[in-house]
Amino acid sequence: MRRALLLAFALAGMTACPTTLPHYNYGAEPDPRRKEFVVGAGDELTVSVWKNPDLSTNMRVRLDGTVSMPLIGDVKAAGRTVAELREEITERLVPYLKETSAVVTVSVGEIHSYSFTVMGNVDRPGMFNPRRYVTIMEALGMAGDVNRFAAAERIVIVRKKPGGKAVRIPIDYRAIASGRRPDQDLVLVSGDVVYVP
């Protein structure tokens with residue numbers, strides 16, 4: 001009887017104390033929505049050259065990261081912002097145009113280079129390739145949400161930093177869902193792996 005009471009008190013103590021995650025500076029993680037989009041392989045681009053419809057074109061960035069433009073040939077697109085791409089195309093087109101100042105616009109259509117993986121205790125694990133940036137909660141929704149076996153308070157985002165070093169970002173699903181920790185609902189960056197234990 002005494003052992004049963006002690007066990008009951010221990011279980012009550014475990015459920016009463018919320019799980020605490022290791023300290024992590026979530027505010028230091030990037031939000032790609034706040035920066036200019038970086039083009040990647042597979043993305044669809046539209047280039048418009050004012051008063052020159054023959055030079056205006058829709059194209060998809062090839063696997064080698066380049067696109068082909070009339071007159072100027074191949075241009076490296078992957079890994080560059082739209083502004084950087086527009087600047088190079090404008091500079092290379094000027095010798096072929098009558099106007100000394102070419103007006104070139106570059107816009108992104110469908111995004112195909114953004115992808116992440118959700119694995120572990122979710123209903124539909126796998127790689128996802130949405131057409132816009134999503135948060136961790138949106139990503140888990142795309143994966144069918146955490147299942148009944150999940151330790152939802154111990155989710156981890158594995159993210160590669162510049163230089164190749166991988167970091168583990170702790171996420172408490174229930175703390176986000178309850179509104180206690182909205183700072184943990186990070187926007188995923190391409191290549192992230194979300195692991196639900």
# chains A, B, ... in the order shown; residues from 1 in each chain; ligands from 1
call {"tool": "residues_around", "arguments": {"residues": "Val196 in chain A", "least_positions_apart": "3", "cutoff": "12 Å", "atoms": "only C-alpha atoms", "output": "MDAnalysis selection string"}}
result
chainID A and resid 117:125 136 139:140 143 145:158 170:173 193
call {"tool": "residues_around", "arguments": {"residues": "range 76-89 of chain A", "least_positions_apart": "2", "cutoff": "10 Å", "atoms": "only C-alpha atoms", "output": "compact mmCIF listing (two decimals) with C-alpha atoms, in the first residue's frame"}}
result
# COMPACT_ATOMS: atom_id res chain seq x y z
CA LYS A 35 15.15 38.64 -46.38
CA GLU A 36 15.23 38.84 -50.13
CA PHE A 37 14.54 35.46 -51.69
CA VAL A 38 17.59 33.45 -52.76
CA VAL A 39 16.98 31.59 -56.02
CA GLY A 40 17.60 27.85 -56.18
CA ALA A 41 17.57 25.03 -58.72
CA GLY A 42 14.08 24.30 -60.03
CA ASP A 43 12.64 27.74 -59.26
CA LEU A 45 11.67 32.93 -63.06
CA VAL A 47 12.53 38.12 -66.88
CA SER A 48 10.96 41.14 -68.57
CA VAL A 49 12.94 43.63 -70.64
CA ARG A 60 13.22 27.38 -64.83
CA VAL A 61 16.59 27.31 -63.07
CA ARG A 62 18.40 24.18 -64.24
CA LEU A 63 19.97 21.62 -61.89
CA ASP A 64 23.38 23.19 -62.54
CA GLY A 65 21.99 26.47 -61.17
CA THR A 66 21.93 28.39 -64.44
CA VAL A 67 19.32 29.90 -66.76
CA SER A 68 19.64 30.80 -70.44
CA MET A 69 18.75 34.23 -71.81
CA ILE A 72 23.65 36.71 -73.44
CA ASP A 74 23.87 31.26 -69.57
CA GLU A 91 24.67 44.78 -67.40
CA ARG A 92 25.10 42.02 -69.97
CA LEU A 93 22.14 43.15 -72.11
CA VAL A 94 23.10 46.84 -72.40
CA ALA A 102 17.72 48.91 -69.99
CA VAL A 103 14.80 48.37 -67.63
CA VAL A 104 14.88 44.72 -66.57
CA THR A 105 12.62 43.10 -64.01
CA VAL A 106 13.08 39.63 -62.56
CA SER A 107 10.32 37.92 -60.59
CA VAL A 108 9.98 34.50 -59.00
CA SER A 113 14.06 24.73 -54.32
call {"tool": "atom_distance", "arguments": {"atom1": "CA of Gln184 in chain A", "atom2": "CA of Glu110 in chain A"}}
result
27.7 Å
call {"tool": "decode", "arguments": {"residues": "range 146-183 of chain A", "atoms": "N, CA and C atoms", "output": "JSON list (two decimals), in the first residue's frame"}}
result
[["chain", "number", "residue", "atom", "x", "y", "z"],
["A", 146, "VAL", "N", 1.53, 15.25, -35.05],
["A", 146, "VAL", "CA", 2.19, 14.24, -34.22],
["A", 146, "VAL", "C", 1.19, 13.14, -33.90],
["A", 147, "ASN", "N", 1.67, 11.91, -33.78],
["A", 147, "ASN", "CA", 0.75, 10.82, -33.45],
["A", 147, "ASN", "C", 0.75, 10.54, -31.95],
["A", 148, "ARG", "N", 0.00, 9.55, -31.52],
["A", 148, "ARG", "CA", -0.18, 9.30, -30.08],
["A", 148, "ARG", "C", 1.07, 8.75, -29.41],
["A", 149, "PHE", "N", 2.05, 8.33, -30.19],
["A", 149, "PHE", "CA", 3.29, 7.80, -29.61],
["A", 149, "PHE", "C", 4.35, 8.89, -29.44],
["A", 150, "ALA", "N", 4.08, 10.08, -29.94],
["A", 150, "ALA", "CA", 5.09, 11.13, -29.99],
["A", 150, "ALA", "C", 5.40, 11.72, -28.61],
["A", 151, "ALA", "N", 6.67, 12.01, -28.40],
["A", 151, "ALA", "CA", 7.08, 12.81, -27.25],
["A", 151, "ALA", "C", 7.14, 14.26, -27.76],
["A", 152, "ALA", "N", 5.96, 14.86, -27.85],
["A", 152, "ALA", "CA", 5.80, 16.14, -28.56],
["A", 152, "ALA", "C", 6.54, 17.29, -27.92],
["A", 153, "GLU", "N", 6.94, 17.13, -26.67],
["A", 153, "GLU", "CA", 7.67, 18.20, -26.00],
["A", 153, "GLU", "C", 9.19, 18.11, -26.26],
["A", 154, "ARG", "N", 9.60, 17.08, -27.03],
["A", 154, "ARG", "CA", 11.04, 16.88, -27.28],
["A", 154, "ARG", "C", 11.36, 16.83, -28.77],
["A", 155, "ILE", "N", 10.63, 17.58, -29.56],
["A", 155, "ILE", "CA", 10.90, 17.66, -31.00],
["A", 155, "ILE", "C", 12.22, 18.40, -31.22],
["A", 156, "VAL", "N", 12.92, 18.01, -32.27],
["A", 156, "VAL", "CA", 14.20, 18.65, -32.59],
["A", 156, "VAL", "C", 14.23, 19.03, -34.06],
["A", 157, "ILE", "N", 14.69, 20.25, -34.35],
["A", 157, "ILE", "CA", 15.01, 20.64, -35.72],
["A", 157, "ILE", "C", 16.52, 20.50, -35.87],
["A", 158, "VAL", "N", 16.95, 19.72, -36.84],
["A", 158, "VAL", "CA", 18.37, 19.62, -37.15],
["A", 158, "VAL", "C", 18.62, 20.54, -38.33],
["A", 159, "ARG", "N", 19.46, 21.54, -38.11],
["A", 159, "ARG", "CA", 19.68, 22.60, -39.12],
["A", 159, "ARG", "C", 21.16, 22.76, -39.39],
["A", 160, "LYS", "N", 21.53, 22.80, -40.68],
["A", 160, "LYS", "CA", 22.92, 23.03, -41.04],
["A", 160, "LYS", "C", 23.17, 24.53, -41.09],
["A", 161, "LYS", "N", 24.23, 24.94, -40.42],
["A", 161, "LYS", "CA", 24.63, 26.34, -40.40],
["A", 161, "LYS", "C", 25.66, 26.58, -41.50],
["A", 162, "PRO", "N", 25.89, 27.86, -41.86],
["A", 162, "PRO", "CA", 26.97, 28.14, -42.82],
["A", 162, "PRO", "C", 28.28, 27.54, -42.32],
["A", 163, "GLY", "N", 28.98, 26.87, -43.22],
["A", 163, "GLY", "CA", 30.20, 26.18, -42.83],
["A", 163, "GLY", "C", 29.99, 24.69, -42.63],
["A", 164, "GLY", "N", 28.70, 24.26, -42.64],
["A", 164, "GLY", "CA", 28.39, 22.84, -42.59],
["A", 164, "GLY", "C", 28.10, 22.28, -41.21],
["A", 165, "LYS", "N", 28.28, 23.09, -40.14],
["A", 165, "LYS", "CA", 28.02, 22.57, -38.80],
["A", 165, "LYS", "C", 26.52, 22.43, -38.59],
["A", 166, "ALA", "N", 26.10, 21.28, -38.01],
["A", 166, "ALA", "CA", 24.68, 21.04, -37.74],
["A", 166, "ALA", "C", 24.37, 21.40, -36.29],
["A", 167, "VAL", "N", 23.23, 22.07, -36.09],
["A", 167, "VAL", "CA", 22.78, 22.37, -34.73],
["A", 167, "VAL", "C", 21.44, 21.69, -34.50],
["A", 168, "ARG", "N", 21.15, 21.41, -33.22],
["A", 168, "ARG", "CA", 19.89, 20.78, -32.82],
["A", 168, "ARG", "C", 19.08, 21.82, -32.07],
["A", 169, "ILE", "N", 17.91, 22.16, -32.61],
["A", 169, "ILE", "CA", 17.06, 23.19, -32.01],
["A", 169, "ILE", "C", 15.90, 22.50, -31.30],
["A", 170, "PRO", "N", 15.81, 22.59, -29.96],
["A", 170, "PRO", "CA", 14.73, 21.91, -29.24],
["A", 170, "PRO", "C", 13.40, 22.64, -29.40],
["A", 171, "ILE", "N", 12.33, 21.87, -29.63],
["A", 171, "ILE", "CA", 10.99, 22.42, -29.83],
["A", 171, "ILE", "C", 9.99, 21.69, -28.94],
["A", 172, "ASP", "N", 9.14, 22.45, -28.26],
["A", 172, "ASP", "CA", 8.07, 21.88, -27.45],
["A", 172, "ASP", "C", 6.74, 22.18, -28.14],
["A", 173, "TYR", "N", 6.22, 21.18, -28.82],
["A", 173, "TYR", "CA", 4.99, 21.32, -29.61],
["A", 173, "TYR", "C", 3.83, 21.86, -28.76],
["A", 174, "ARG", "N", 3.67, 21.31, -27.57],
["A", 174, "ARG", "CA", 2.53, 21.70, -26.74],
["A", 174, "ARG", "C", 2.67, 23.14, -26.22],
["A", 175, "ALA", "N", 3.89, 23.57, -25.98],
["A", 175, "ALA", "CA", 4.12, 24.94, -25.53],
["A", 175, "ALA", "C", 3.76, 25.94, -26.64],
["A", 176, "ILE", "N", 4.02, 25.56, -27.90],
["A", 176, "ILE", "CA", 3.64, 26.44, -29.02],
["A", 176, "ILE", "C", 2.12, 26.43, -29.17],
["A", 177, "ALA", "N", 1.53, 25.22, -29.17],
["A", 177, "ALA", "CA", 0.09, 25.07, -29.38],
["A", 177, "ALA", "C", -0.72, 25.80, -28.32],
["A", 178, "SER", "N", -0.20, 25.84, -27.10],
["A", 178, "SER", "CA", -0.93, 26.49, -26.01],
["A", 178, "SER", "C", -0.73, 28.00, -26.00],
["A", 179, "GLY", "N", 0.19, 28.48, -26.83],
["A", 179, "GLY", "CA", 0.47, 29.91, -26.87],
["A", 179, "GLY", "C", 1.51, 30.36, -25.87],
["A", 180, "ARG", "N", 2.10, 29.41, -25.10],
["A", 180, "ARG", "CA", 3.10, 29.79, -24.09],
["A", 180, "ARG", "C", 4.44, 30.14, -24.71],
["A", 181, "ARG", "N", 4.80, 29.51, -25.86],
["A", 181, "ARG", "CA", 6.10, 29.73, -26.47],
["A", 181, "ARG", "C", 5.99, 29.96, -27.97],
["A", 182, "PRO", "N", 5.38, 31.07, -28.38],
["A", 182, "PRO", "CA", 5.28, 31.33, -29.82],
["A", 182, "PRO", "C", 6.64, 31.53, -30.48],
["A", 183, "ASP", "N", 7.65, 31.87, -29.68],
["A", 183, "ASP", "CA", 9.00, 32.08, -30.23],
["A", 183, "ASP", "C", 9.60, 30.79, -30.79]]
